[in-house]
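Pasted below: upload.txt, compact mmCIF, C-alpha atoms and all ligand atoms.
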# COMPACT_ATOMS: atom_id res chain seq x y z
CA MET A 2 24.06 -5.86 -69.93
CA ASN A 3 22.47 -6.40 -73.32
CA LEU A 4 23.93 -8.81 -75.84
CA HIS A 5 23.69 -8.36 -79.56
CA GLU A 6 21.58 -10.86 -81.46
CA TYR A 7 24.65 -12.48 -83.02
CA GLN A 8 26.15 -13.01 -79.56
CA ALA A 9 22.90 -14.39 -78.15
CA ARG A 10 22.55 -16.70 -81.17
CA ALA A 11 26.02 -18.07 -80.50
CA LEU A 12 25.09 -18.85 -76.88
CA LEU A 13 21.85 -20.54 -77.90
CA SER A 14 23.62 -22.49 -80.59
CA ARG A 15 26.24 -23.62 -78.10
CA ALA A 16 23.39 -24.82 -75.86
CA GLY A 17 22.28 -27.03 -78.74
CA ILE A 18 19.35 -24.98 -80.03
CA PRO A 19 18.91 -25.06 -83.82
CA VAL A 20 19.91 -21.62 -85.07
CA PRO A 21 20.58 -20.97 -88.77
CA PRO A 22 24.23 -20.26 -89.59
CA SER A 23 25.13 -16.58 -89.85
CA GLU A 24 27.94 -14.08 -90.22
CA VAL A 25 28.42 -10.51 -89.10
CA ALA A 26 29.45 -7.72 -91.48
CA SER A 27 30.20 -4.04 -91.02
CA THR A 28 30.37 -2.99 -94.68
CA PRO A 29 28.27 -3.85 -97.76
CA SER A 30 31.18 -5.68 -99.41
CA GLU A 31 31.72 -7.76 -96.27
CA ALA A 32 28.01 -8.51 -96.38
CA LYS A 33 28.31 -9.68 -99.98
CA ARG A 34 31.25 -11.97 -99.22
CA ALA A 35 29.44 -13.35 -96.16
CA ALA A 36 26.38 -14.07 -98.33
CA GLU A 37 28.57 -15.87 -100.87
CA ARG A 38 30.13 -18.01 -98.16
CA LEU A 39 26.71 -18.87 -96.76
CA GLY A 40 25.74 -19.94 -100.26
CA ALA A 41 21.97 -19.53 -99.88
CA SER A 42 19.64 -18.33 -102.63
CA ARG A 43 17.66 -16.16 -100.20
CA LEU A 44 19.20 -14.28 -97.31
CA VAL A 45 18.09 -12.17 -94.41
CA VAL A 46 20.08 -9.07 -93.40
CA LYS A 47 19.52 -7.82 -89.85
CA ALA A 48 20.62 -4.69 -87.96
CA GLN A 49 22.66 -5.49 -84.84
CA VAL A 50 21.61 -2.92 -82.25
CA HIS A 51 20.34 -3.25 -78.70
CA ALA A 52 16.72 -2.68 -79.68
CA GLY A 53 13.66 -4.74 -80.38
CA GLY A 54 11.23 -4.00 -83.18
CA ARG A 55 13.99 -3.87 -85.76
CA GLY A 56 11.71 -5.54 -88.28
CA LYS A 57 9.12 -2.73 -88.08
CA ALA A 58 11.85 -0.09 -88.18
CA GLY A 59 13.20 -1.45 -91.48
CA GLY A 60 16.22 -3.10 -89.88
CA VAL A 61 15.40 -6.65 -91.08
CA LYS A 62 15.31 -7.22 -94.83
CA LEU A 63 15.33 -10.16 -97.20
CA ALA A 64 17.74 -10.38 -100.14
CA GLU A 65 17.71 -12.59 -103.25
CA SER A 66 21.44 -12.67 -104.03
CA PRO A 67 24.81 -11.69 -102.55
CA GLU A 68 24.73 -8.44 -104.58
CA HIS A 69 21.26 -7.71 -103.28
CA ALA A 70 22.44 -8.50 -99.73
CA ALA A 71 25.16 -5.86 -100.18
CA GLN A 72 22.55 -3.29 -101.33
CA VAL A 73 20.27 -4.08 -98.43
CA ALA A 74 23.21 -3.96 -95.98
CA ALA A 75 24.09 -0.50 -97.36
CA GLN A 76 20.56 0.66 -96.49
CA ILE A 77 20.62 -0.80 -92.99
CA LEU A 78 24.18 0.17 -91.96
CA GLY A 79 24.19 3.69 -90.56
CA MET A 80 20.45 3.64 -89.88
CA THR A 81 19.30 4.73 -86.43
CA ILE A 82 16.89 2.50 -84.57
CA ASN A 83 15.69 3.71 -81.20
CA GLY A 84 18.45 6.34 -81.17
CA LEU A 85 21.14 3.70 -81.80
CA THR A 86 23.31 3.74 -84.92
CA VAL A 87 23.60 0.44 -86.77
CA ARG A 88 27.28 -0.45 -87.19
CA ARG A 89 26.96 -4.15 -88.00
CA VAL A 90 24.53 -6.44 -89.73
CA LEU A 91 23.95 -10.15 -89.41
CA ILE A 92 23.59 -12.16 -92.63
CA SER A 93 21.88 -15.52 -92.56
CA PRO A 94 20.14 -17.83 -95.02
CA ALA A 95 16.46 -16.82 -94.95
CA ALA A 96 14.32 -19.43 -93.30
CA GLU A 97 10.92 -20.38 -94.68
CA ILE A 98 8.28 -19.70 -92.08
CA GLU A 99 5.10 -21.67 -91.58
CA SER A 100 4.30 -20.25 -88.15
CA GLU A 101 5.97 -17.98 -85.60
CA ALA A 102 5.92 -18.57 -81.85
CA TYR A 103 7.45 -16.88 -78.82
CA ALA A 104 9.54 -18.46 -76.05
CA GLY A 105 11.25 -16.64 -73.21
CA VAL A 106 12.63 -17.07 -69.71
CA ILE A 107 12.61 -14.17 -67.27
CA VAL A 108 13.33 -13.68 -63.59
CA ASP A 109 9.97 -13.11 -61.96
CA ARG A 110 10.14 -10.85 -58.92
CA VAL A 111 6.79 -11.92 -57.51
CA SER A 112 7.53 -15.65 -57.38
CA ARG A 113 11.27 -15.07 -57.05
CA SER A 114 11.98 -17.69 -59.65
CA PRO A 115 12.60 -18.05 -63.33
CA VAL A 116 9.39 -18.13 -65.31
CA LEU A 117 9.18 -19.73 -68.74
CA MET A 118 6.68 -18.03 -71.04
CA VAL A 119 5.49 -19.14 -74.45
CA SER A 120 2.97 -17.85 -76.92
CA PRO A 121 1.74 -19.11 -80.26
CA ALA A 122 1.42 -15.42 -81.21
CA GLY A 123 5.11 -14.98 -82.03
CA GLY A 124 6.89 -12.50 -84.25
CA VAL A 125 5.30 -9.51 -82.52
CA ASP A 126 6.38 -7.88 -79.25
CA ILE A 127 5.32 -10.00 -76.32
CA GLU A 128 4.29 -6.80 -74.50
CA GLU A 129 1.77 -6.23 -77.27
CA VAL A 130 0.42 -9.78 -76.96
CA ALA A 131 0.19 -9.33 -73.19
CA ALA A 132 -1.80 -6.12 -73.65
CA THR A 133 -4.18 -7.23 -76.39
CA THR A 134 -4.53 -11.03 -76.14
CA PRO A 135 -3.17 -12.09 -72.74
CA GLU A 136 -4.96 -15.46 -73.09
CA LYS A 137 -2.38 -16.35 -75.74
CA ILE A 138 0.48 -16.34 -73.23
CA PHE A 139 1.27 -19.47 -71.21
CA ARG A 140 3.67 -19.52 -68.28
CA ILE A 141 5.16 -21.81 -65.73
CA ARG A 142 7.29 -21.01 -62.73
CA VAL A 143 10.48 -23.05 -62.63
CA ASP A 144 11.63 -24.40 -59.30
CA VAL A 145 15.39 -23.85 -59.48
CA ARG A 146 16.01 -26.90 -57.32
CA PHE A 147 14.64 -29.22 -60.01
CA GLY A 148 15.06 -27.13 -63.14
CA LEU A 149 12.64 -27.27 -66.04
CA LEU A 150 11.18 -30.78 -66.09
CA SER A 151 10.48 -32.67 -69.31
CA HIS A 152 6.72 -32.82 -68.81
CA GLN A 153 6.56 -29.10 -68.06
CA ALA A 154 8.49 -28.28 -71.23
CA LEU A 155 6.32 -30.61 -73.32
CA GLY A 156 3.15 -29.21 -71.77
CA LEU A 157 4.10 -25.70 -72.86
CA ALA A 158 5.39 -26.83 -76.25
CA LEU A 159 1.99 -28.38 -76.97
CA LYS A 160 0.47 -24.91 -76.55
CA LEU A 161 2.62 -23.86 -79.49
CA PHE A 162 2.39 -26.81 -81.88
CA ASP A 163 -0.35 -29.47 -82.19
CA ASP A 164 1.87 -32.00 -83.90
CA VAL A 165 3.45 -34.09 -81.15
CA GLU A 166 6.75 -34.65 -82.95
CA ILE A 167 7.12 -30.92 -83.57
CA ALA A 168 6.13 -30.18 -79.98
CA ARG A 169 8.85 -32.58 -78.84
CA SER A 170 11.49 -30.63 -80.77
CA ALA A 171 10.13 -27.40 -79.29
CA ALA A 172 10.21 -28.88 -75.77
CA ASP A 173 13.85 -29.79 -76.27
CA ILE A 174 14.52 -26.18 -77.31
CA LEU A 175 12.70 -24.85 -74.23
CA ARG A 176 14.86 -26.96 -71.93
CA LYS A 177 18.01 -25.78 -73.68
CA LEU A 178 16.80 -22.18 -73.52
CA TYR A 179 16.36 -22.50 -69.78
CA ARG A 180 19.88 -23.97 -69.52
CA ALA A 181 21.34 -21.13 -71.61
CA PHE A 182 19.50 -18.60 -69.43
CA LEU A 183 21.09 -20.04 -66.28
CA ASP A 184 24.53 -20.45 -67.81
CA ALA A 185 24.67 -16.85 -69.02
CA GLY A 186 23.49 -15.42 -65.68
CA ALA A 187 20.67 -13.83 -67.65
CA SER A 188 17.67 -11.89 -66.42
CA LEU A 189 16.02 -12.53 -69.78
CA ALA A 190 16.55 -15.02 -72.59
CA GLU A 191 14.09 -14.84 -75.45
CA ILE A 192 13.50 -16.44 -78.84
CA ASN A 193 11.05 -14.45 -80.95
CA PRO A 194 10.26 -15.82 -83.43
CA LEU A 195 10.71 -19.49 -82.77
CA VAL A 196 9.52 -20.75 -86.13
CA ARG A 197 8.17 -23.90 -87.61
CA THR A 198 9.41 -24.39 -91.14
CA PRO A 199 7.37 -26.11 -93.90
CA ARG A 200 9.71 -29.08 -93.48
CA GLY A 201 8.59 -29.49 -89.88
CA GLU A 202 11.74 -28.18 -88.25
CA VAL A 203 11.69 -25.80 -85.30
CA VAL A 204 14.40 -23.10 -85.38
CA ALA A 205 15.26 -19.91 -83.52
CA LEU A 206 15.35 -16.92 -85.89
CA ASP A 207 15.98 -14.20 -83.32
CA ALA A 208 17.65 -14.24 -79.93
CA LYS A 209 17.70 -11.74 -77.12
CA ILE A 210 19.68 -12.15 -73.91
CA VAL A 211 20.01 -9.61 -71.12
CA VAL A 212 22.68 -10.53 -68.59
CA ASP A 213 22.38 -9.55 -64.94
CA ASP A 214 25.36 -7.23 -64.32
CA ASN A 215 25.90 -8.86 -60.94
CA GLU A 216 26.59 -12.19 -62.66
CA LEU A 217 29.38 -10.82 -64.84
CA GLU A 218 32.20 -11.01 -62.36
CA ARG A 219 32.20 -14.79 -62.31
CA ARG A 220 31.61 -15.09 -66.05
CA PRO A 221 34.54 -13.32 -67.71
CA GLU A 222 33.70 -14.88 -71.10
CA ILE A 223 30.22 -13.30 -70.98
CA ALA A 224 31.57 -9.98 -69.65
CA ALA A 225 33.93 -9.89 -72.65
CA LEU A 226 30.87 -9.68 -74.92
CA ARG A 227 30.15 -6.13 -73.78
CA ASP A 228 30.05 -3.65 -76.66
CA PRO A 229 30.71 -0.18 -75.19
CA ALA A 230 30.14 1.41 -78.62
CA ALA A 231 26.50 0.31 -78.41
CA GLU A 232 25.89 1.70 -74.93
CA GLU A 233 25.05 5.12 -73.52
CA PRO A 234 28.48 6.89 -73.41
CA SER A 235 27.89 8.44 -69.97
CA GLU A 236 27.03 5.01 -68.53
CA VAL A 237 30.24 3.55 -69.96
CA GLU A 238 32.28 6.38 -68.41
CA ALA A 239 30.53 5.86 -65.07
CA ARG A 240 31.26 2.15 -65.07
CA GLU A 241 34.92 2.85 -65.74
CA ALA A 242 34.95 5.34 -62.83
CA ASN A 243 33.36 2.68 -60.59
CA LEU A 244 30.13 4.61 -60.15
CA THR A 245 26.62 3.24 -60.30
CA TYR A 246 24.95 5.59 -62.74
CA ILE A 247 21.75 5.53 -64.75
CA LYS A 248 20.92 8.41 -67.04
CA LEU A 249 17.41 9.86 -66.83
CA ASP A 250 15.73 12.75 -68.61
CA GLY A 251 15.37 15.43 -65.90
CA GLU A 252 17.23 18.61 -64.94
CA VAL A 253 18.52 17.95 -61.41
CA GLY A 254 21.88 16.13 -61.47
CA CYS A 255 22.18 14.03 -58.31
CA VAL A 256 25.38 12.85 -56.60
CA VAL A 257 24.58 10.63 -53.65
CA ASN A 258 26.28 7.97 -51.56
CA GLY A 259 24.34 4.74 -51.23
CA ALA A 260 21.63 3.36 -53.48
CA GLY A 261 18.86 3.77 -50.88
CA LEU A 262 19.68 7.40 -50.23
CA ALA A 263 19.95 7.96 -53.99
CA MET A 264 16.41 6.59 -54.45
CA ALA A 265 15.10 8.69 -51.54
CA THR A 266 16.78 11.76 -53.03
CA MET A 267 15.15 11.18 -56.40
CA ASP A 268 11.78 10.71 -54.71
CA LEU A 269 12.17 14.00 -52.88
CA VAL A 270 13.28 15.81 -56.04
CA LYS A 271 10.07 14.65 -57.70
CA TYR A 272 8.02 15.46 -54.60
CA TYR A 273 9.14 19.08 -54.83
CA GLY A 274 8.27 19.24 -58.52
CA GLY A 275 11.69 18.58 -60.04
CA GLU A 276 12.93 15.81 -62.32
CA PRO A 277 16.14 13.91 -61.56
CA ALA A 278 18.66 13.85 -64.42
CA ASN A 279 20.20 10.65 -63.16
CA PHE A 280 20.60 8.04 -60.50
CA LEU A 281 24.17 8.17 -59.23
CA ASP A 282 25.66 6.29 -56.32
CA ILE A 283 29.29 7.12 -55.54
CA GLY A 284 29.32 4.15 -53.17
CA GLY A 285 30.56 3.68 -49.64
CA SER A 286 34.25 4.52 -49.46
CA SER A 287 34.27 7.51 -51.77
CA SER A 288 37.57 8.94 -52.87
CA PRO A 289 37.80 12.51 -54.22
CA GLU A 290 38.44 10.89 -57.65
CA LYS A 291 34.98 9.36 -57.66
CA VAL A 292 33.42 12.76 -56.99
CA ILE A 293 35.44 14.28 -59.82
CA GLY A 294 34.28 11.48 -62.14
CA ALA A 295 30.68 11.98 -61.05
CA LEU A 296 30.78 15.73 -61.71
CA ARG A 297 32.41 15.21 -65.07
CA ILE A 298 29.64 12.86 -66.18
CA ILE A 299 26.83 15.03 -64.84
CA THR A 300 28.15 18.28 -66.31
CA ALA A 301 28.46 16.61 -69.71
CA ASP A 302 24.65 16.21 -69.75
CA PRO A 303 23.26 19.40 -71.34
CA HIS A 304 19.86 18.88 -69.67
CA VAL A 305 21.27 19.32 -66.18
CA LYS A 306 20.34 22.75 -64.79
CA ALA A 307 21.37 22.27 -61.17
CA ILE A 308 23.52 19.77 -59.30
CA LEU A 309 22.58 18.33 -55.94
CA PHE A 310 25.01 16.56 -53.62
CA ASN A 311 23.37 14.53 -50.90
CA ILE A 312 25.99 12.89 -48.73
CA PHE A 313 25.37 11.05 -45.50
CA GLY A 314 28.81 10.57 -44.02
CA GLY A 315 29.46 7.15 -42.50
CA ILE A 316 32.20 5.17 -44.14
CA THR A 317 32.04 7.92 -46.75
CA ARG A 318 33.92 10.90 -45.35
CA CYS A 319 32.41 14.30 -46.00
CA ASP A 320 35.88 15.88 -46.35
CA ASP A 321 36.73 13.46 -49.19
CA VAL A 322 33.59 14.58 -50.99
CA ALA A 323 34.35 18.26 -50.36
CA ASN A 324 37.91 17.80 -51.67
CA GLY A 325 36.50 16.13 -54.74
CA ILE A 326 34.09 18.99 -55.40
CA VAL A 327 36.83 21.58 -55.03
CA ALA A 328 39.27 19.61 -57.22
CA ALA A 329 36.62 19.11 -59.91
CA THR A 330 35.76 22.81 -60.08
CA ARG A 331 39.47 23.52 -60.57
CA GLN A 332 39.82 20.89 -63.32
CA PHE A 333 36.85 21.90 -65.44
CA ARG A 334 34.06 24.46 -65.59
CA VAL A 335 30.93 23.22 -63.89
CA GLU A 336 28.81 26.24 -64.96
CA ARG A 337 25.72 24.98 -63.11
CA PRO A 338 24.66 25.88 -59.57
CA ILE A 339 25.69 23.24 -57.02
CA VAL A 340 23.67 22.61 -53.87
CA ILE A 341 25.55 20.57 -51.29
CA ARG A 342 24.01 18.74 -48.39
CA LEU A 343 26.36 16.83 -46.20
CA THR A 344 26.22 15.52 -42.71
CA GLY A 345 28.09 12.93 -40.64
CA THR A 346 31.72 11.82 -40.62
CA ASN A 347 34.12 14.79 -40.90
CA GLU A 348 31.32 17.24 -41.62
CA ASP A 349 33.22 20.07 -39.93
CA LYS A 350 36.33 19.52 -42.02
CA ALA A 351 34.18 19.43 -45.15
CA LEU A 352 32.53 22.76 -44.30
CA GLU A 353 35.97 24.30 -43.75
CA ILE A 354 37.26 23.02 -47.10
CA LEU A 355 34.19 24.34 -48.92
CA SER A 356 34.14 27.73 -47.21
CA GLY A 357 37.84 28.07 -48.11
CA VAL A 358 36.71 28.37 -51.75
CA GLY A 359 33.56 30.36 -51.03
CA MET A 360 31.13 27.40 -51.21
CA ARG A 361 28.48 26.59 -48.66
CA ALA A 362 26.75 23.42 -47.60
CA LEU A 363 23.49 22.55 -45.92
CA THR A 364 22.90 19.77 -43.44
CA ASP A 365 19.16 19.44 -44.02
CA MET A 366 18.16 17.18 -46.90
CA ASP A 367 14.71 18.68 -47.36
CA ALA A 368 16.05 22.23 -47.64
CA ALA A 369 18.79 21.16 -50.06
CA VAL A 370 16.41 19.33 -52.38
CA ARG A 371 13.97 22.27 -52.44
CA GLN A 372 16.79 24.64 -53.29
CA ALA A 373 18.14 22.40 -56.07
CA VAL A 374 14.68 22.00 -57.59
CA ALA A 375 14.10 25.78 -57.50
CA LEU A 376 17.46 26.40 -59.20
CA SER A 377 16.78 23.76 -61.86
CA ARG A 378 13.46 25.43 -62.66
CA ALA A 379 15.01 28.90 -62.77
CA GLY A 380 17.57 27.37 -65.18
CA THR A 381 14.90 26.04 -67.52
CA GLY A 382 12.70 29.09 -67.23
CA ALA A 383 9.89 26.83 -65.93
P1 LIG B 1 12.93 -7.85 -84.35
O1 LIG B 1 11.87 -7.14 -85.13
O2 LIG B 1 13.97 -6.90 -83.87
O3 LIG B 1 12.40 -8.69 -83.26
O4 LIG B 1 13.70 -8.81 -85.41
P2 LIG B 1 13.39 -10.33 -85.83
O5 LIG B 1 14.67 -11.02 -86.06
O6 LIG B 1 12.49 -10.99 -84.86
O7 LIG B 1 12.70 -10.20 -87.25
C1 LIG B 1 11.44 -9.62 -87.40
C2 LIG B 1 10.60 -10.42 -88.36
O8 LIG B 1 11.26 -10.56 -89.61
C3 LIG B 1 10.33 -11.84 -87.89
O9 LIG B 1 9.25 -11.92 -87.00
C4 LIG B 1 10.05 -12.54 -89.20
O10 LIG B 1 8.69 -12.36 -89.56
C5 LIG B 1 10.93 -11.79 -90.18
N1 LIG B 1 12.13 -12.62 -90.40
C6 LIG B 1 13.26 -12.65 -89.66
N2 LIG B 1 14.12 -13.59 -90.11
C7 LIG B 1 13.52 -14.16 -91.18
C8 LIG B 1 13.89 -15.23 -92.08
O11 LIG B 1 14.95 -15.86 -92.00
N3 LIG B 1 12.98 -15.55 -93.05
C9 LIG B 1 11.78 -14.90 -93.18
N4 LIG B 1 10.96 -15.28 -94.15
N5 LIG B 1 11.41 -13.91 -92.35
C10 LIG B 1 12.26 -13.54 -91.36
MN MN B 2 12.37 -10.64 -82.74

Can I see the file as structure tokens?
Amino acid sequence: MNLHEYQARALLSRAGIPVPPSEVASTPSEAKRAAERLGASRLVVKAQVHAGGRGKAGGVKLAESPEHAAQVAAQILGMTINGLTVRRVLISPAAEIESEAYAGVIVDRVSRSPVLMVSPAGGVDIEEVAATTPEKIFRIRVDVRFGLLSHQALGLALKLFDDVEIARSAADILRKLYRAFLDAGASLAEINPLVRTPRGEVVALDAKIVVDDNELERRPEIAALRDPAAEEPSEVEAREANLTYIKLDGEVGCVVNGAGLAMATMDLVKYYGGEPANFLDIGGSSSPEKVIGALRIITADPHVKAILFNIFGGITRCDDVANGIVAATRQFRVERPIVIRLTGTNEDKALEILSGVGMRALTDMDAAVRQAVALSRAGTGA
């Protein structure tokens, strides 16, 4: 789950990291009043969307007065950045920047630990730094048993700032960033830019936190930060229907039980020259309602040209799935060919239910995938 910058700033600030004060506004006049309350002569107005590179896209602008902040907010509100509509802006006193650095903590799959990364080349995407000047990125693996140790933090901070006093402030920020990362159950916590001001202060001007969805259940206060309006609508609907769903760009809509089988199904779709329209796992104990929900979400995607069910009945009962398919086709028009592969628990009952409404099912996965791919290509004229 992505947090907005203003939410991430609040978490960093609560962890004790120096973050300039700010307010959130959803209209130009709110922006003006916020600027007046902040009482600064120069302000920065920033789009609040789940996207990086807002600066380059025109979503971060400086203003010289509250009136100017309102004008700038009017330009930014309603803008689309990365396909996302800007509904709110953050207003903050503009900081003076002497230099911009990067600091971030990620979960590293290879070492299976958090890794703290810093770079003196801040203010630009870290991916870009990694691609063009990888020697400007410094990392350490954090042993979760001991946490980030003072000397490790100071060692990295000295890569960012020569002045020892300034490096000490940065080291303190790095330790607090690591703490905030753990506390939020994050998979990423990033400050870019972490700036040094002409007065020798170190402050965080941007904050990005991505929370691991699996950590949300035991952190209700973090889960409450979710902004469904900023997320892909089909993914919101899927979450509410208790389905694991990720939208992709292809033409074959997939309904599968179990994440492993869903991955294998997508692989096979690609192997036979098709493109999956989604990853969708209806889970173990599937009720007909879940199948109806799944079909509703998939049929709402205009790119889907054919729908493939791949069900391996174990705890999931094939007759439940068949009942769901039949019920869904009665509730709304599917209007796309459906290829059904099911095998296992209550397979016979499922076949009976389906043949009762003139539908057929296959038991062979390979044959079903080939058929679905062929139908999706016929549907696109490819
Ligand atoms: P991003 O482009 O989405 O990462 O948005 P950022 O918040 O990182 O802003 C992009 C750039 O705008 C920063 O790298 C800074 O150069 C500039 N910027 C952001 N906030 C301020 C500020 O308070 N003062 C000044 N002078 N520049 C800022
Ligand atoms: Mn940034």

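In terms of minimum interatomic distance to A:Lys57, A:Gly124 ranks closest within A:Gly124, A:Pro234, A:Gly254, A:Gly84, counting all atoms listed in the file.
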
Within 8 Å of ligand LIG 1 (chain B) (only C-alpha atoms and all ligand atoms), residues as a VMD selection string: chain A and resid 44 to 45 47 52 to 58 60 to 63 93 to 98 101 123 to 126 193 to 194 206 to 208

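Using only C-alpha atoms and all ligand atoms, the nearest neighbour of ligand MN 2 (chain B) within the list A:Lys209, A:Arg318, A:Lys160, A:His51 is A:Lys209.
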
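The closest residue to A:Ala263, picked from A:Gly156, A:Gly359, A:Gly59, A:Pro277 and counting all atoms listed in the file, is A:Pro277.
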
Among listed residues A:Ala32, A:Leu159, A:Met80, A:Ile339, nearest A:Ala48 (using only C-alpha atoms):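 Using only C-alpha atoms, A:Ala48 sits closest to A:Met80.
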
Pairwise distance for atom CA of A:Val253 and atom CA of A:Pro303, rounded to one decimal in Å: 11.1 Å

Spatial neighbours of A:Arg38, 10 Å, all atoms listed in the file, chain gap at least 5 places, as a PyMOL selection string: chain A and resi 23-24+32-33+67

Contact residues around A:Glu31 with all atoms listed in the file at 10 Å, ignoring same-chain residues under 5 positions, as a list in words: Glu24, Val25, Ala26, Ala36, Glu37, Ala70, Ala71, Ala74, Val90 and Ile92 of chain A

Please dump the current selection as a compact mmCIF listing (two decimals), keeping the file's coordinate frame; keep C-alpha atoms.
# COMPACT_ATOMS: atom_id res chain seq x y z
CA GLU A 24 27.94 -14.08 -90.22
CA VAL A 25 28.42 -10.51 -89.10
CA ALA A 26 29.45 -7.72 -91.48
CA ALA A 36 26.38 -14.07 -98.33
CA GLU A 37 28.57 -15.87 -100.87
CA ALA A 70 22.44 -8.50 -99.73
CA ALA A 71 25.16 -5.86 -100.18
CA ALA A 74 23.21 -3.96 -95.98
CA VAL A 90 24.53 -6.44 -89.73
CA ILE A 92 23.59 -12.16 -92.63

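Of the residues listed (A:Ile192, A:Ala64, A:Ala328, A:Val119), A:Ile192 shows the shortest atom-to-atom separation from ligand MN 2 (chain B); distances use all atoms listed in the file.
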
d(atom CA of A:Phe313, atom CA of A:Ser235) in Å: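 So the answer is 24.7 Å.
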
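Protein, DNA and RNA residues at most 9 Å from (25.8, -12.9, -76.1), with all atoms listed in the file, are these: Asn3, Leu4, His5, Glu6, Tyr7, Gln8, Ala9, Arg10, Ala11, Leu12, Leu13, Ala185, Lys209, Ile210, Val211, Val212, Ile223, Leu226 and Arg227 of chain A.
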
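At a cut-off of 6 Å from (21.1, -25.1, -79.9), the residue set is Leu13, Ser14, Arg15, Ala16, Gly17, Ile18 and Pro19 of chain A (counting only C-alpha atoms).
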
Could you give me, as a tab-separated table (two decimals) with C-alpha atoms, keeping the file's coordinate frame, the residues within 8 Å of A:Leu363, counting all atoms listed in the file and dropping anything in the same chain fewer than 5 positions from it?
chain	number	residue	atom	x	y	z
A	340	VAL	CA	23.67	22.61	-53.87
A	341	ILE	CA	25.55	20.57	-51.29
A	342	ARG	CA	24.01	18.74	-48.39
A	343	LEU	CA	26.36	16.83	-46.20
A	368	ALA	CA	16.05	22.23	-47.64
A	369	ALA	CA	18.79	21.16	-50.06

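Each of A:Leu155, A:Ala231, A:Ile308, A:Val322 was checked against A:Ala375 using all atoms listed in the file; the smallest atom-to-atom distance is that of A:Ile308.
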
Distance query A:His304 at most 9 Å, only C-alpha atoms, self and fewer than 6 positions along chain excluded, as an MDAnalysis selection string: chainID A and resid 250:254 278 381

Selection near A:Ala230, 10 Å with only C-alpha atoms, sequence-local residues under 2 positions removed, as a ChimeraX atom specification: /A:85-86,88,227-228,232-234,237
